[in-house]
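**Q** Got input18.cif for you, mmCIF, C-alpha atoms:
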```cif
data_upload
#
loop_
_atom_site.group_PDB
_atom_site.id
_atom_site.type_symbol
_atom_site.label_atom_id
_atom_site.label_comp_id
_atom_site.auth_asym_id
_atom_site.auth_seq_id
_atom_site.Cartn_x
_atom_site.Cartn_y
_atom_site.Cartn_z
ATOM 1 C CA MET A 1 -10.950 -0.912 59.270
ATOM 2 C CA SER A 2 -10.824 -4.442 60.559
ATOM 3 C CA ASN A 3 -8.109 -5.801 62.793
ATOM 4 C CA SER A 4 -6.572 -7.885 59.987
ATOM 5 C CA GLN A 5 -6.336 -4.885 57.637
ATOM 6 C CA SER A 6 -4.529 -2.675 60.150
ATOM 7 C CA ARG A 7 -2.046 -5.454 60.813
ATOM 8 C CA PHE A 8 -0.829 -5.354 57.192
ATOM 9 C CA ARG A 9 -0.686 -1.587 56.825
ATOM 10 C CA PRO A 10 2.940 -0.421 56.421
ATOM 11 C CA ARG A 11 4.326 1.452 59.388
ATOM 12 C CA PRO A 12 6.849 4.276 58.912
ATOM 13 C CA ALA A 13 9.214 2.856 61.546
ATOM 14 C CA ARG A 14 9.218 -0.542 59.857
ATOM 15 C CA LEU A 15 9.892 1.077 56.485
ATOM 16 C CA LEU A 16 12.780 3.100 57.911
ATOM 17 C CA TRP A 17 14.324 -0.010 59.470
ATOM 18 C CA GLY A 18 14.060 -1.795 56.137
ATOM 19 C CA LEU A 19 15.752 1.057 54.300
ATOM 20 C CA ALA A 20 18.494 1.309 56.917
ATOM 21 C CA LEU A 21 19.139 -2.437 56.808
ATOM 22 C CA SER A 22 19.312 -2.353 53.013
ATOM 23 C CA ALA A 23 21.816 0.521 53.081
ATOM 24 C CA ILE A 24 23.953 -1.194 55.708
ATOM 25 C CA LEU A 25 24.074 -4.477 53.811
ATOM 26 C CA THR A 26 25.023 -2.700 50.590
ATOM 27 C CA GLY A 27 27.691 -0.772 52.464
ATOM 28 C CA CYS A 28 29.008 -4.025 53.932
ATOM 29 C CA ALA A 29 29.377 -5.490 50.454
ATOM 30 C CA ASN A 30 31.377 -2.448 49.364
ATOM 31 C CA MET A 31 33.471 -2.637 52.527
ATOM 32 C CA GLN A 32 34.308 -6.305 51.874
ATOM 33 C CA SER A 33 35.632 -5.315 48.461
ATOM 34 C CA HIS A 34 37.743 -2.573 50.044
ATOM 35 C CA ASP A 35 38.970 -4.948 52.756
ATOM 36 C CA LYS A 36 40.197 -7.342 50.074
ATOM 37 C CA LEU A 37 42.026 -4.521 48.304
ATOM 38 C CA ALA A 38 43.526 -3.288 51.590
ATOM 39 C CA SER A 39 44.811 -6.800 52.333
ATOM 40 C CA GLU A 40 46.383 -7.012 48.882
ATOM 41 C CA VAL A 41 48.036 -3.614 49.336
ATOM 42 C CA GLN A 42 49.368 -4.657 52.747
ATOM 43 C CA SER A 43 50.769 -7.875 51.275
ATOM 44 C CA ALA A 44 52.457 -5.909 48.494
ATOM 45 C CA GLY A 45 53.866 -3.550 51.109
ATOM 46 C CA ARG A 46 55.286 -6.391 53.182
ATOM 47 C CA ALA A 47 56.853 -7.996 50.119
ATOM 48 C CA GLY A 48 58.200 -4.891 48.375
ATOM 49 C CA GLY A 49 57.863 -1.901 50.678
ATOM 50 C CA ILE A 50 55.743 1.223 50.480
ATOM 51 C CA ALA A 51 56.517 1.846 46.805
ATOM 52 C CA ALA A 52 55.197 -1.621 45.892
ATOM 53 C CA ALA A 53 52.058 -1.081 47.960
ATOM 54 C CA LEU A 54 51.453 2.265 46.275
ATOM 55 C CA THR A 55 52.028 0.772 42.814
ATOM 56 C CA HIS A 56 49.548 -2.021 43.561
ATOM 57 C CA LEU A 57 46.925 0.412 44.858
ATOM 58 C CA GLU A 58 47.280 2.720 41.863
ATOM 59 C CA SER A 59 47.050 -0.215 39.445
ATOM 60 C CA THR A 60 43.552 -0.987 40.735
ATOM 61 C CA ALA A 61 42.084 2.417 39.785
ATOM 62 C CA LYS A 62 41.278 2.158 36.097
ATOM 63 C CA THR A 63 38.695 4.937 35.705
ATOM 64 C CA GLU A 64 38.540 8.580 36.728
ATOM 65 C CA GLU A 65 35.727 7.708 39.127
ATOM 66 C CA GLU A 66 37.918 5.090 40.812
ATOM 67 C CA ARG A 67 40.839 7.546 41.003
ATOM 68 C CA THR A 68 38.653 10.100 42.795
ATOM 69 C CA ALA A 69 37.011 7.611 45.188
ATOM 70 C CA LEU A 70 37.143 8.404 48.889
ATOM 71 C CA LEU A 71 38.763 5.221 50.211
ATOM 72 C CA PHE A 72 41.234 5.036 47.321
ATOM 73 C CA ASN A 73 42.523 8.530 48.064
ATOM 74 C CA MET A 74 42.610 7.989 51.811
ATOM 75 C CA GLU A 75 44.720 4.841 51.303
ATOM 76 C CA ARG A 76 46.870 6.582 48.692
ATOM 77 C CA GLY A 77 47.366 9.631 50.906
ATOM 78 C CA GLU A 78 48.503 7.493 53.804
ATOM 79 C CA LEU A 79 50.947 5.488 51.672
ATOM 80 C CA LEU A 80 52.391 8.684 50.200
ATOM 81 C CA ARG A 81 52.728 10.154 53.687
ATOM 82 C CA MET A 82 54.557 7.030 54.877
ATOM 83 C CA ASP A 83 56.887 7.453 51.884
ATOM 84 C CA ARG A 84 57.486 11.093 52.955
ATOM 85 C CA ARG A 85 55.938 12.438 49.760
ATOM 86 C CA TYR A 86 54.001 15.086 51.629
ATOM 87 C CA PRO A 87 52.745 17.350 48.813
ATOM 88 C CA GLU A 88 51.320 14.361 46.911
ATOM 89 C CA SER A 89 49.895 12.957 50.146
ATOM 90 C CA THR A 90 48.153 16.232 50.890
ATOM 91 C CA GLN A 91 46.712 16.297 47.371
ATOM 92 C CA ALA A 92 45.294 12.757 47.781
ATOM 93 C CA PHE A 93 43.721 13.688 51.116
ATOM 94 C CA LEU A 94 42.222 16.829 49.534
ATOM 95 C CA LEU A 95 40.655 14.683 46.776
ATOM 96 C CA ALA A 96 39.115 12.493 49.488
ATOM 97 C CA ASP A 97 37.879 15.602 51.279
ATOM 98 C CA ASN A 98 36.270 16.846 48.052
ATOM 99 C CA LYS A 99 34.327 13.576 47.796
ATOM 100 C CA VAL A 100 32.990 14.063 51.325
ATOM 101 C CA LYS A 101 32.033 17.660 50.480
ATOM 102 C CA GLU A 102 30.162 16.419 47.391
ATOM 103 C CA TRP A 103 28.165 14.022 49.566
ATOM 104 C CA GLU A 104 27.438 16.761 52.102
ATOM 105 C CA ASP A 105 26.241 19.127 49.360
ATOM 106 C CA THR A 106 24.058 16.401 47.869
ATOM 107 C CA ALA A 107 22.587 15.624 51.282
ATOM 108 C CA LYS A 108 21.721 19.293 51.757
ATOM 109 C CA THR A 109 20.200 19.868 48.319
ATOM 110 C CA ASN A 110 18.742 16.442 47.549
ATOM 111 C CA PRO A 111 18.489 14.313 50.720
ATOM 112 C CA ALA A 112 16.784 11.421 48.935
ATOM 113 C CA SER A 113 19.800 10.852 46.697
ATOM 114 C CA SER A 114 22.317 11.107 49.534
ATOM 115 C CA TRP A 115 21.993 7.332 49.972
ATOM 116 C CA ALA A 116 23.362 6.806 46.453
ATOM 117 C CA TRP A 117 26.953 6.542 47.711
ATOM 118 C CA TRP A 118 25.998 3.239 49.345
ATOM 119 C CA ALA A 119 24.986 1.754 46.033
ATOM 120 C CA PRO A 120 27.385 -0.762 44.495
ATOM 121 C CA ARG A 121 29.021 0.213 41.243
#
```
Please, can you express the file's structure as structure tokens?

**A**
Amino acid sequence: MSNSQSRFRPRPARLLWGLALSAILTGCANMQSHDKLASEVQSAGRAGGIAAALTHLESTAKTEEERTALLFNMERGELLRMDRRYPESTQAFLLADNKVKEWEDTAKTNPASSWAWWAPR
């Protein structure tokens, strides 16, 4: 193999860096969307209190998938806790925990698809 051919051969480390960078950038896009929502919820909370913040957050989840999302339920659980609605808060945190368990199970049984949670929806 000539010198020029070996220079263009893909290297595993380079491929892994490319995949990691792609996953990070996709995750950053999702995080920006969540940051915007968190800012809106905080604004609603400042204007109308915890109940208004909770109402705004819940109005953003239109589908079952959105209502079971990790960050949604972590935010919801915290707002409910701040409102001293402990049983509902615990339930929201348990839904978030279930999402993490799903990802862990997927990573154990099908590691290649464990990156799917980074994908935008």

**Q** Considering only C-alpha atoms, can you say which of A:Ala112, A:Ala44, A:Ala38, A:Ala51 comes closest to Arg81 (chain A)?

**A**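 The closest residue to Arg81 (chain A) is A:Ala51.
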
**Q** For this structure, which residues satisfy the selection - the PyMOL selection byres ((chain A and resi 74) around 9) - when it is evaluated on the file as given? I want them as a list of chain:residue names.

**A** A:Ala69, A:Leu70, A:Leu71, A:Phe72, A:Asn73, A:Glu75, A:Arg76, A:Gly77, A:Glu78, A:Leu79, A:Ser89, A:Ala92, A:Phe93, A:Leu95, A:Ala96, A:Asp97

**Q** Could you check the closest approach to Val100 (chain A) for each of A:Thr68, A:Met82, A:Ala61, A:His34 and tell me which residue wins, using all atoms listed in the file?

**A**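 Among the listed residues, the smallest separation from Val100 (chain A) belongs to A:Thr68.
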
**Q** Residues around (56.7, 4.8, 48.7), cut-off 9 Å, counting only C-alpha atoms - what are they as a VMD selection string?

**A** chain A and resid 49 to 55 79 to 85

**Q** Given only C-alpha atoms as the basis, pick out the residue of A:Leu94, A:Lys101, A:Val41, A:Ala107 nearest to Ser59 (chain A).

**A**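 Closest candidate: A:Val41.
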
**Q** In Å to one decimal, how far is CA of Trp103 (chain A) from CA of Ser39 (chain A)?

**A**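 Atom-to-atom, CA of Ser39 (chain A) to CA of Trp103 (chain A), that is 26.8 Å.
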
**Q** Enclose the full set of atoms of region 64-73 of chain A listed in the file within a box whose edges lie along x, y and z, apply 5 Å of padding to each of the six sides, and report centre and edge lengths in Å to one decimal as AutoDock Vina command-line options.

**A**
```
--center_x 39.1 --center_y 7.6 --center_z 43.5 --size_x 16.8 --size_y 15.1 --size_z 23.5
```

**Q** Which of these residues is nearest to Glu40 (chain A), using only C-alpha atoms: A:Lys108, A:His56, A:Arg67, A:Lys62?

**A** A:His56

**Q** To one decimal place in Å, what is the distance between CA of Gly48 (chain A) and CA of Thr60 (chain A)?

**A**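 Atom-to-atom, CA of Gly48 (chain A) and CA of Thr60 (chain A) are spaced 17.0 Å apart.
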